[in-house]
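Heads up, query_33.txt below (compact mmCIF, C-alpha atoms and all ligand atoms):
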```
# COMPACT_ATOMS: atom_id res chain seq x y z
CA MET A 11 8.40 -13.31 -17.33
CA SER A 12 7.72 -15.12 -14.09
CA ASN A 13 5.41 -18.14 -13.97
CA ARG A 14 4.28 -17.37 -10.42
CA GLN A 15 0.69 -18.09 -9.44
CA ALA A 16 -0.90 -14.65 -9.36
CA MET A 17 -3.51 -13.72 -6.78
CA ASN A 18 -5.66 -12.14 -9.40
CA THR A 19 -9.20 -11.91 -8.11
CA VAL A 20 -10.94 -10.54 -5.05
CA LEU A 21 -12.43 -14.02 -4.57
CA GLU A 22 -9.01 -15.30 -3.60
CA PHE A 23 -8.87 -12.78 -0.75
CA HIS A 24 -12.09 -14.31 0.62
CA GLN A 25 -10.85 -17.86 0.07
CA LYS A 26 -7.62 -17.12 1.93
CA LYS A 27 -9.56 -15.85 4.94
CA GLN A 28 -11.86 -18.88 4.85
CA ASN A 29 -8.86 -21.24 4.65
CA GLY A 30 -6.99 -19.42 7.40
CA GLN A 31 -4.15 -18.52 5.00
CA ARG A 32 -2.37 -15.26 5.78
CA ILE A 33 -2.07 -12.56 3.14
CA SER A 34 1.07 -10.52 2.42
CA LEU A 35 0.99 -7.13 0.69
CA THR A 36 3.58 -4.48 0.07
CA THR A 37 3.34 -1.10 -1.51
CA CYS A 38 4.96 -0.55 -4.89
CA TYR A 39 5.21 2.62 -6.92
CA ASP A 40 7.64 1.98 -9.76
CA TYR A 41 8.59 -0.41 -12.55
CA TRP A 42 11.90 -1.78 -11.26
CA SER A 43 10.63 -2.62 -7.77
CA ALA A 44 7.60 -4.26 -9.38
CA CYS A 45 9.94 -6.45 -11.49
CA ILE A 46 11.46 -7.76 -8.25
CA LEU A 47 8.06 -8.25 -6.59
CA ARG A 48 6.92 -10.23 -9.64
CA ASP A 49 9.37 -12.98 -8.68
CA THR A 50 8.21 -13.27 -5.06
CA PRO A 51 5.19 -15.01 -3.50
CA ILE A 52 3.82 -11.66 -2.17
CA ASP A 53 0.04 -11.88 -2.73
CA ALA A 54 -0.78 -8.40 -4.04
CA VAL A 55 0.60 -4.88 -4.32
CA LEU A 56 -0.79 -1.58 -3.15
CA VAL A 57 0.11 1.51 -5.13
CA GLY A 58 -0.35 3.62 -2.03
CA ASP A 59 -0.66 7.36 -1.84
CA SER A 60 2.36 7.06 0.47
CA ALA A 61 4.11 7.49 -2.91
CA SER A 62 3.78 11.22 -2.28
CA MET A 63 6.04 10.88 0.79
CA VAL A 64 8.32 7.99 -0.21
CA MET A 65 8.86 8.87 -3.88
CA HIS A 66 8.22 12.61 -3.97
CA GLY A 67 9.43 13.74 -0.53
CA TYR A 68 6.22 15.45 0.61
CA PRO A 69 5.50 15.52 4.36
CA SER A 70 2.14 13.72 4.06
CA THR A 71 -0.19 11.91 1.65
CA VAL A 72 -2.27 15.08 1.31
CA HIS A 73 -0.02 15.94 -1.65
CA ALA A 74 -0.91 12.88 -3.73
CA SER A 75 -3.07 13.63 -6.77
CA VAL A 76 -4.97 11.42 -9.20
CA GLU A 77 -2.37 12.33 -11.84
CA MET A 78 0.47 11.19 -9.58
CA MET A 79 -1.29 7.93 -8.72
CA VAL A 80 -2.07 7.16 -12.36
CA TRP A 81 1.62 7.44 -13.34
CA HIS A 82 2.66 5.13 -10.51
CA VAL A 83 -0.11 2.58 -11.18
CA ALA A 84 0.78 2.45 -14.88
CA ALA A 85 4.48 1.90 -14.16
CA VAL A 86 3.72 -0.91 -11.70
CA ALA A 87 1.14 -2.51 -14.00
CA ARG A 88 3.65 -2.68 -16.88
CA ALA A 89 5.79 -5.00 -14.73
CA LEU A 90 2.94 -6.98 -13.16
CA PRO A 91 0.48 -8.12 -15.83
CA SER A 92 -0.83 -10.94 -13.63
CA MET A 93 -0.58 -9.63 -10.08
CA PHE A 94 -3.46 -8.04 -8.18
CA ILE A 95 -2.93 -4.27 -7.98
CA ILE A 96 -4.81 -2.00 -5.59
CA ALA A 97 -4.59 1.77 -6.14
CA ASP A 98 -5.19 4.39 -3.47
CA LEU A 99 -7.84 6.98 -4.14
CA PRO A 100 -5.82 10.09 -3.26
CA PHE A 101 -6.69 12.99 -0.94
CA LEU A 102 -10.29 14.24 -1.35
CA ALA A 103 -10.92 12.18 -4.49
CA HIS A 104 -14.04 10.74 -2.82
CA ARG A 105 -15.10 14.14 -1.42
CA LYS A 106 -15.35 16.19 -4.61
CA GLY A 107 -18.60 14.86 -5.99
CA THR A 108 -19.57 11.72 -7.85
CA GLU A 109 -18.32 12.88 -11.23
CA PHE A 110 -14.79 13.60 -9.99
CA LEU A 111 -14.80 10.39 -7.95
CA MET A 112 -15.82 8.17 -10.85
CA GLN A 113 -13.40 9.88 -13.26
CA SER A 114 -10.63 9.19 -10.74
CA VAL A 115 -11.66 5.54 -10.37
CA ASP A 116 -11.89 5.23 -14.16
CA ARG A 117 -8.37 6.61 -14.65
CA LEU A 118 -6.83 4.39 -11.96
CA MET A 119 -8.52 1.25 -13.33
CA LYS A 120 -7.54 2.06 -16.92
CA ALA A 121 -3.96 2.64 -15.74
CA GLY A 122 -3.91 -1.00 -14.60
CA ALA A 123 -5.43 -1.24 -11.11
CA HIS A 124 -7.83 -4.08 -10.27
CA ALA A 125 -9.29 -2.36 -7.22
CA VAL A 126 -9.14 0.94 -5.37
CA LYS A 127 -8.59 1.68 -1.69
CA ALA A 128 -10.56 4.41 0.05
CA GLU A 129 -9.91 5.82 3.52
CA GLY A 130 -12.80 6.35 5.91
CA GLY A 131 -15.95 4.77 7.35
CA SER A 132 -19.51 5.99 7.82
CA GLU A 133 -18.67 9.48 6.42
CA VAL A 134 -17.86 8.05 2.98
CA ILE A 135 -20.02 4.94 2.90
CA ALA A 136 -22.33 6.25 0.13
CA GLU A 137 -19.34 6.99 -2.13
CA ILE A 138 -17.79 3.57 -1.43
CA GLN A 139 -21.11 1.87 -2.18
CA HIS A 140 -21.37 3.78 -5.45
CA ILE A 141 -17.92 2.58 -6.58
CA ILE A 142 -18.70 -1.03 -5.65
CA GLN A 143 -22.10 -0.91 -7.40
CA SER A 144 -20.24 0.27 -10.50
CA GLY A 145 -18.33 -3.02 -10.52
CA VAL A 146 -15.06 -1.82 -9.03
CA PRO A 147 -13.72 -3.65 -5.96
CA VAL A 148 -12.92 -1.42 -3.00
CA MET A 149 -10.54 -2.03 -0.11
CA GLY A 150 -11.44 -0.09 3.05
CA HIS A 151 -8.95 1.66 5.34
CA LEU A 152 -9.63 2.52 9.00
CA GLY A 153 -7.62 3.45 12.09
CA LEU A 154 -4.86 5.86 11.15
CA THR A 155 -6.13 7.27 7.88
CA PRO A 156 -3.10 9.32 6.79
CA GLN A 157 -5.12 11.62 4.51
CA SER A 158 -6.69 12.99 7.72
CA VAL A 159 -3.33 13.46 9.45
CA ASN A 160 -4.03 17.13 10.07
CA MET A 161 -7.25 16.25 11.92
CA LEU A 162 -5.62 13.38 13.81
CA GLY A 163 -2.68 15.47 15.02
CA GLY A 164 0.03 13.24 13.55
CA HIS A 165 0.78 9.70 12.42
CA LYS A 166 -0.05 8.05 15.73
CA LEU A 167 -1.93 5.16 17.39
CA GLN A 168 -5.70 5.43 16.90
CA ALA A 169 -8.85 4.18 18.61
CA THR A 170 -7.31 4.00 22.05
CA ARG A 171 -10.44 5.33 23.78
CA PRO A 172 -13.58 3.11 24.09
CA GLU A 173 -15.81 5.46 22.01
CA ALA A 174 -13.24 5.58 19.20
CA ALA A 175 -12.80 1.79 19.35
CA ASP A 176 -16.61 1.32 19.14
CA LYS A 177 -16.80 3.67 16.14
CA LEU A 178 -14.02 1.73 14.42
CA VAL A 179 -15.80 -1.60 14.94
CA ASN A 180 -19.09 -0.11 13.64
CA ASP A 181 -17.33 1.43 10.63
CA ALA A 182 -15.66 -1.91 9.84
CA LEU A 183 -19.06 -3.67 9.88
CA LEU A 184 -20.58 -0.90 7.74
CA LEU A 185 -17.80 -1.26 5.17
CA GLU A 186 -18.24 -5.03 5.08
CA ASP A 187 -22.00 -4.58 4.54
CA ALA A 188 -21.24 -2.08 1.76
CA GLY A 189 -19.24 -4.80 0.01
CA VAL A 190 -15.56 -3.92 0.48
CA PHE A 191 -13.45 -7.00 -0.30
CA ALA A 192 -10.81 -6.36 2.39
CA LEU A 193 -9.98 -3.83 5.07
CA VAL A 194 -6.68 -2.19 6.03
CA LEU A 195 -6.38 -1.41 9.74
CA GLU A 196 -3.54 0.99 10.45
CA MET A 197 -2.00 1.86 13.83
CA VAL A 198 -4.58 0.48 16.22
CA PRO A 199 -4.10 -1.60 19.39
CA ALA A 200 -3.54 -5.30 18.66
CA GLY A 201 -6.54 -6.39 20.77
CA LEU A 202 -8.92 -4.14 18.84
CA ALA A 203 -7.54 -5.37 15.52
CA GLN A 204 -8.07 -8.95 16.69
CA GLN A 205 -11.68 -8.17 17.64
CA VAL A 206 -12.38 -6.63 14.20
CA THR A 207 -10.66 -9.54 12.43
CA GLN A 208 -12.87 -12.03 14.29
CA LYS A 209 -16.06 -10.07 13.56
CA LEU A 210 -15.51 -9.67 9.82
CA LYS A 211 -15.83 -12.27 7.07
CA ILE A 212 -13.59 -10.23 4.77
CA PRO A 213 -9.81 -10.26 5.34
CA VAL A 214 -8.32 -7.61 7.60
CA ILE A 215 -4.84 -6.49 6.61
CA GLY A 216 -2.87 -4.82 9.39
CA ILE A 217 -0.08 -2.27 9.54
CA GLY A 218 0.92 -1.41 13.08
CA ALA A 219 -2.12 -3.43 14.19
CA GLY A 220 -0.46 -6.45 15.82
CA PRO A 221 -0.22 -10.11 14.86
CA HIS A 222 -3.88 -11.21 14.85
CA THR A 223 -5.07 -9.78 11.52
CA ASP A 224 -5.52 -11.93 8.40
CA GLY A 225 -2.54 -10.34 6.69
CA GLN A 226 0.04 -7.61 6.85
CA VAL A 227 1.05 -4.74 4.60
CA LEU A 228 4.23 -2.70 4.80
CA VAL A 229 5.62 0.09 2.69
CA LEU A 230 8.26 -1.59 0.51
CA GLN A 231 10.97 0.99 1.21
CA ASP A 232 10.31 0.68 4.97
CA LEU A 233 10.73 -3.10 5.05
CA LEU A 234 13.87 -2.75 2.94
CA GLY A 235 15.31 -0.25 5.43
CA MET A 236 15.71 2.50 2.86
CA SER A 237 15.27 5.29 5.37
CA LYS A 238 17.82 5.35 8.17
CA ASP A 239 15.65 7.61 10.34
CA PHE A 240 12.27 5.88 10.06
CA SER A 241 12.05 3.12 12.68
CA PRO A 242 8.56 3.00 14.23
CA LYS A 243 7.82 0.20 16.74
CA PHE A 244 5.66 -1.75 14.27
CA LEU A 245 8.30 -1.92 11.52
CA ARG A 246 10.60 -4.88 10.89
CA LYS A 247 13.45 -4.02 8.52
CA TYR A 248 14.37 -7.06 6.40
CA LEU A 249 17.36 -5.32 4.85
CA ASN A 250 19.62 -2.42 5.70
CA GLY A 251 18.93 -1.00 2.25
CA TYR A 252 20.13 2.48 3.11
CA GLU A 253 23.62 1.31 4.13
CA LEU A 254 23.93 -1.33 1.38
CA ILE A 255 23.04 1.10 -1.40
CA LYS A 256 25.17 3.89 0.10
CA GLU A 257 28.15 1.48 0.30
CA ALA A 258 27.70 0.45 -3.36
CA LEU A 259 27.63 4.11 -4.44
CA ILE A 260 30.73 4.93 -2.38
CA ARG A 261 32.57 1.97 -3.99
CA PHE A 262 31.51 3.10 -7.49
CA ASP A 263 32.70 6.63 -6.77
CA ALA A 264 36.06 5.35 -5.49
CA ASP A 265 36.50 2.98 -8.47
CA VAL A 266 35.81 5.82 -10.93
CA LYS A 267 38.14 8.22 -9.16
CA ASN A 268 41.06 5.81 -8.70
CA GLY A 269 40.76 4.44 -12.26
CA ASN A 270 39.51 0.95 -11.25
CA PHE A 271 36.32 1.26 -13.30
CA PRO A 272 35.95 0.34 -16.06
CA SER A 273 38.49 -2.48 -16.33
CA GLU A 274 39.64 -4.00 -19.63
CA LYS A 275 36.96 -6.69 -19.18
CA GLU A 276 34.35 -3.96 -18.99
CA SER A 277 35.62 -2.18 -22.12
CA TYR A 278 35.03 -2.78 -25.87
CA VAL A 279 38.02 -3.40 -28.13
O1 LIG B 301 -0.47 4.49 1.13
C1 LIG B 301 -0.09 3.51 1.78
O2 LIG B 301 1.09 3.11 1.72
C2 LIG B 301 -1.05 2.83 2.62
C3 LIG B 301 -0.53 1.71 3.49
C4 LIG B 301 0.21 2.27 4.63
C5 LIG B 301 -1.60 0.80 3.92
O3 LIG B 301 -2.18 3.16 2.62
```

Rewrite the coordinates I just gave you, this time as structure tokens.
Amino acid sequence: MSNRQAMNTVLEFHQKKQNGQRISLTTCYDYWSACILRDTPIDAVLVGDSASMVMHGYPSTVHASVEMMVWHVAAVARALPSMFIIADLPFLAHRKGTEFLMQSVDRLMKAGAHAVKAEGGSEVIAEIQHIIQSGVPVMGHLGLTPQSVNMLGGHKLQATRPEAADKLVNDALLLEDAGVFALVLEMVPAGLAQQVTQKLKIPVIGIGAGPHTDGQVLVLQDLLGMSKDFSPKFLRKYLNGYELIKEALIRFDADVKNGNFPSEKESYV
């Protein structure tokens, strides 16, 4: 078990913004990745609904369900007893009535989340307020909201027109007033993200939103270079995971087939 200093309350998100300290987040969906994250200084993990694409091969996050998210949250939580875990509310969970919403929140929190993330602004403000008033911290998510990908016409840059930029700023202020503890801004121009970051007291965490936000989040598999074909402009790959893992598997296959594995040292007498 690691003795790392966990970022384990929402208050620390606020403190970090006040102190001008940047916040790092990655997604995480499974136990073994979480065991590695446990031994890093990464501040918190997001069990994102991107799990439906990254782990299950679906074309969008529309396919994530509460059931799916609960399994992933529980696996991550088993490895991270003292790290702050945020769970995505999946597609339509906050659009199916209060009872369904609160049952979903209940299941995600009992699975081990410390907070939930909800996509959307003014359209879902009443639902977000209801969750917060129930004592559950909520992270907001504006800009590219992937659950609305079919409305947005693809995973692309958002709020490029002045009216859309104004709506985003207003939504961000509304969410802050509603009590969200942090806000994800995805795929928006860097200048707009900077403006929102300066206006809000809560931390703004960017993805494809330039360098001026209070923190950054990336999908773990993206930053590890696990997909050879996914290379959007905003992504920095810290590892060529795809090639490294492929090479290891090719070497294993060769060792098995030419009789090099196992050796005597790797055998029981
Ligand atoms: O589901 C997810 O991975 C996310 C991040 C991209 C912020 O919402």

**OP:** Would you kindly return, as a ChimeraX atom specification, each protein, DNA or RNA residue with an atom no farther than 10 Å from any atom of Leu154 in chain A, considering all atoms listed in the file and excluding same-chain residues fewer than 2 positions away?
**Re:** /A:129-130,151-152,156-159,162,164-169,194-198,217-218

Next, the residues of the selection above should be written as a PDB file, in the frame of the given file with C-alpha atoms.
```
ATOM      1  CA  GLU A 129      -9.910   5.820   3.520  1.00  0.00           C
ATOM      2  CA  GLY A 130     -12.800   6.350   5.910  1.00  0.00           C
ATOM      3  CA  HIS A 151      -8.950   1.660   5.340  1.00  0.00           C
ATOM      4  CA  LEU A 152      -9.630   2.520   9.000  1.00  0.00           C
ATOM      5  CA  PRO A 156      -3.100   9.320   6.790  1.00  0.00           C
ATOM      6  CA  GLN A 157      -5.120  11.620   4.510  1.00  0.00           C
ATOM      7  CA  SER A 158      -6.690  12.990   7.720  1.00  0.00           C
ATOM      8  CA  VAL A 159      -3.330  13.460   9.450  1.00  0.00           C
ATOM      9  CA  LEU A 162      -5.620  13.380  13.810  1.00  0.00           C
ATOM     10  CA  GLY A 164       0.030  13.240  13.550  1.00  0.00           C
ATOM     11  CA  HIS A 165       0.780   9.700  12.420  1.00  0.00           C
ATOM     12  CA  LYS A 166      -0.050   8.050  15.730  1.00  0.00           C
ATOM     13  CA  LEU A 167      -1.930   5.160  17.390  1.00  0.00           C
ATOM     14  CA  GLN A 168      -5.700   5.430  16.900  1.00  0.00           C
ATOM     15  CA  ALA A 169      -8.850   4.180  18.610  1.00  0.00           C
ATOM     16  CA  VAL A 194      -6.680  -2.190   6.030  1.00  0.00           C
ATOM     17  CA  LEU A 195      -6.380  -1.410   9.740  1.00  0.00           C
ATOM     18  CA  GLU A 196      -3.540   0.990  10.450  1.00  0.00           C
ATOM     19  CA  MET A 197      -2.000   1.860  13.830  1.00  0.00           C
ATOM     20  CA  VAL A 198      -4.580   0.480  16.220  1.00  0.00           C
ATOM     21  CA  ILE A 217      -0.080  -2.270   9.540  1.00  0.00           C
ATOM     22  CA  GLY A 218       0.920  -1.410  13.080  1.00  0.00           C
TER      23      GLY A 218
END
```

**OP:** May I ask which of the residues A:Gly58, A:Gly225, A:Gly153, A:Pro91 is the closest one to ligand LIG 301 (chain B), counting all atoms listed in the file?
**Re:**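 Closest to ligand LIG 301 (chain B) of all the choices is A:Gly58.
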
**OP:** Find the spatial neighbours of range 61-75 of chain A, counting all atoms listed in the file, within a cut-off of 9 Å - ignore same-chain residues fewer than 2 positions away - and output them as a ChimeraX atom specification.
**Re:** /A:37-39,57-59,77-80,82,99-103,156-159,229,231

Subject >> Option closest in space to Ala136 in chain A, from A:Gly216, A:Gly189, A:Gly122, A:Gly163 [counting only C-alpha atoms] >> reply: A:Gly189

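Of the listed residues A:Val83, A:Ala219, A:Val134, A:Leu90, the one whose atoms come nearest to Ile52 in chain A is A:Leu90, with distances taken using all atoms listed in the file.
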
Report as JSON the centre and the edge lengths, in Å to one decimal, of the axis-aligned box holding every listed atom of ligand LIG 301 (chain B), padded by 8 Å on each side.
```
{"center_x": -0.5, "center_y": 2.6, "center_z": 2.9, "size_x": 19.3, "size_y": 19.7, "size_z": 19.5}
```

**OP:** Calculate how many Å separate CA of Thr155 in chain A from CA of Arg105 in chain A, rounding to one decimal.
**Re:**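 Between these atoms lies a distance of 14.6 Å.
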
Fewer than 6 positions away in the same chain doesn't count, so skip those; otherwise give me all residues within 7 Å of Ala54 in chain A, counting only C-alpha atoms, as a short mmCIF file (atom, residue, chain, number, x, y, z; two decimals) with C-alpha atoms, keeping the file's coordinate frame.
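Output (around-v4.cif):
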```cif
data_model
loop_
_atom_site.label_atom_id
_atom_site.label_comp_id
_atom_site.auth_asym_id
_atom_site.auth_seq_id
_atom_site.Cartn_x
_atom_site.Cartn_y
_atom_site.Cartn_z
CA MET A 17 -3.51 -13.72 -6.78
CA LEU A 35 0.99 -7.13 0.69
CA MET A 93 -0.58 -9.63 -10.08
CA PHE A 94 -3.46 -8.04 -8.18
CA ILE A 95 -2.93 -4.27 -7.98
#
```

Original post:
Counting only C-alpha atoms and all ligand atoms, which of A:Asp232, A:Glu22, A:Glu173, A:Asp116 gets nearest to ligand LIG 301 (chain B)?
Top reply: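 Selected residue with least distance to ligand LIG 301 (chain B): A:Asp232.
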
Subject >> Proximity to Leu193 in chain A - best of A:Leu47, A:Ala128, A:Ala123, A:Ala175, all atoms listed in the file >> reply: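 Checking each of A:Leu47, A:Ala128, A:Ala123, A:Ala175 against Leu193 in chain A, counting all atoms listed in the file, the winner is A:Ala128.
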
**OP:** Could you give me, as a list in words, the residues within 12 Å of Gln143 in chain A, counting only C-alpha atoms and dropping anything in the same chain fewer than 4 positions from it?
**Re:**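 Counting only C-alpha atoms, the residues come to Met112, Ala136, Glu137, Ile138, Gln139, Pro147, Val148, Ala188, Gly189 and Val190 of chain A.
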
**OP:** Report the distance between CA of Ala121 in chain A and CA of Ala89 in chain A in Å, rounded to one decimal place.
**Re:**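 Going from CA of Ala121 in chain A over to CA of Ala89 in chain A, I get 12.4 Å.
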
Original post:
What gap, in Å, lies between CA of Ser241 in chain A and atom O2 of ligand LIG 301 (chain B)?
Top reply: 15.5 Å

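The closest residue to ligand LIG 301 (chain B), picked from A:Ala203, A:Ala192, A:Met119, A:Ile215 and counting only C-alpha atoms and all ligand atoms, is A:Ile215.
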
**OP:** Select, counting all atoms listed in the file, all protein, DNA and RNA residues no farther than 12 Å from (19.0, -3.5, 9.9) in file coordinates, and express the selection as a list in words.
**Re:** Asp232, Leu233, Leu234, Gly235, Met236, Ser237, Lys238, Asp239, Phe240, Ser241, Leu245, Arg246, Lys247, Tyr248, Leu249, Asn250, Gly251, Tyr252, Glu253 and Leu254 of chain A

**OP:** Compile the contact shell of Phe191 in chain A as a list of chain:residue names: residues with an atom at most 10 Å away, counting all atoms listed in the file, same-chain residues fewer than 2 positions apart removed.
**Re:** A:Val20, A:Leu21, A:Glu22, A:Phe23, A:His24, A:Ala125, A:Ile142, A:Pro147, A:Val148, A:Met149, A:Gly150, A:Leu185, A:Glu186, A:Ala188, A:Gly189, A:Leu193, A:Lys211, A:Ile212, A:Pro213, A:Val214

Residue selection dump (C-alpha atoms) as a PDB file, in the frame of the given file:
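Here's the written file again20.pdb:
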```pdb
ATOM      1  CA  VAL A  20     -10.940 -10.540  -5.050  1.00  0.00           C
ATOM      2  CA  LEU A  21     -12.430 -14.020  -4.570  1.00  0.00           C
ATOM      3  CA  GLU A  22      -9.010 -15.300  -3.600  1.00  0.00           C
ATOM      4  CA  PHE A  23      -8.870 -12.780  -0.750  1.00  0.00           C
ATOM      5  CA  HIS A  24     -12.090 -14.310   0.620  1.00  0.00           C
ATOM      6  CA  ALA A 125      -9.290  -2.360  -7.220  1.00  0.00           C
ATOM      7  CA  ILE A 142     -18.700  -1.030  -5.650  1.00  0.00           C
ATOM      8  CA  PRO A 147     -13.720  -3.650  -5.960  1.00  0.00           C
ATOM      9  CA  VAL A 148     -12.920  -1.420  -3.000  1.00  0.00           C
ATOM     10  CA  MET A 149     -10.540  -2.030  -0.110  1.00  0.00           C
ATOM     11  CA  GLY A 150     -11.440  -0.090   3.050  1.00  0.00           C
ATOM     12  CA  LEU A 185     -17.800  -1.260   5.170  1.00  0.00           C
ATOM     13  CA  GLU A 186     -18.240  -5.030   5.080  1.00  0.00           C
ATOM     14  CA  ALA A 188     -21.240  -2.080   1.760  1.00  0.00           C
ATOM     15  CA  GLY A 189     -19.240  -4.800   0.010  1.00  0.00           C
ATOM     16  CA  LEU A 193      -9.980  -3.830   5.070  1.00  0.00           C
ATOM     17  CA  LYS A 211     -15.830 -12.270   7.070  1.00  0.00           C
ATOM     18  CA  ILE A 212     -13.590 -10.230   4.770  1.00  0.00           C
ATOM     19  CA  PRO A 213      -9.810 -10.260   5.340  1.00  0.00           C
ATOM     20  CA  VAL A 214      -8.320  -7.610   7.600  1.00  0.00           C
TER      21      VAL A 214
END
```
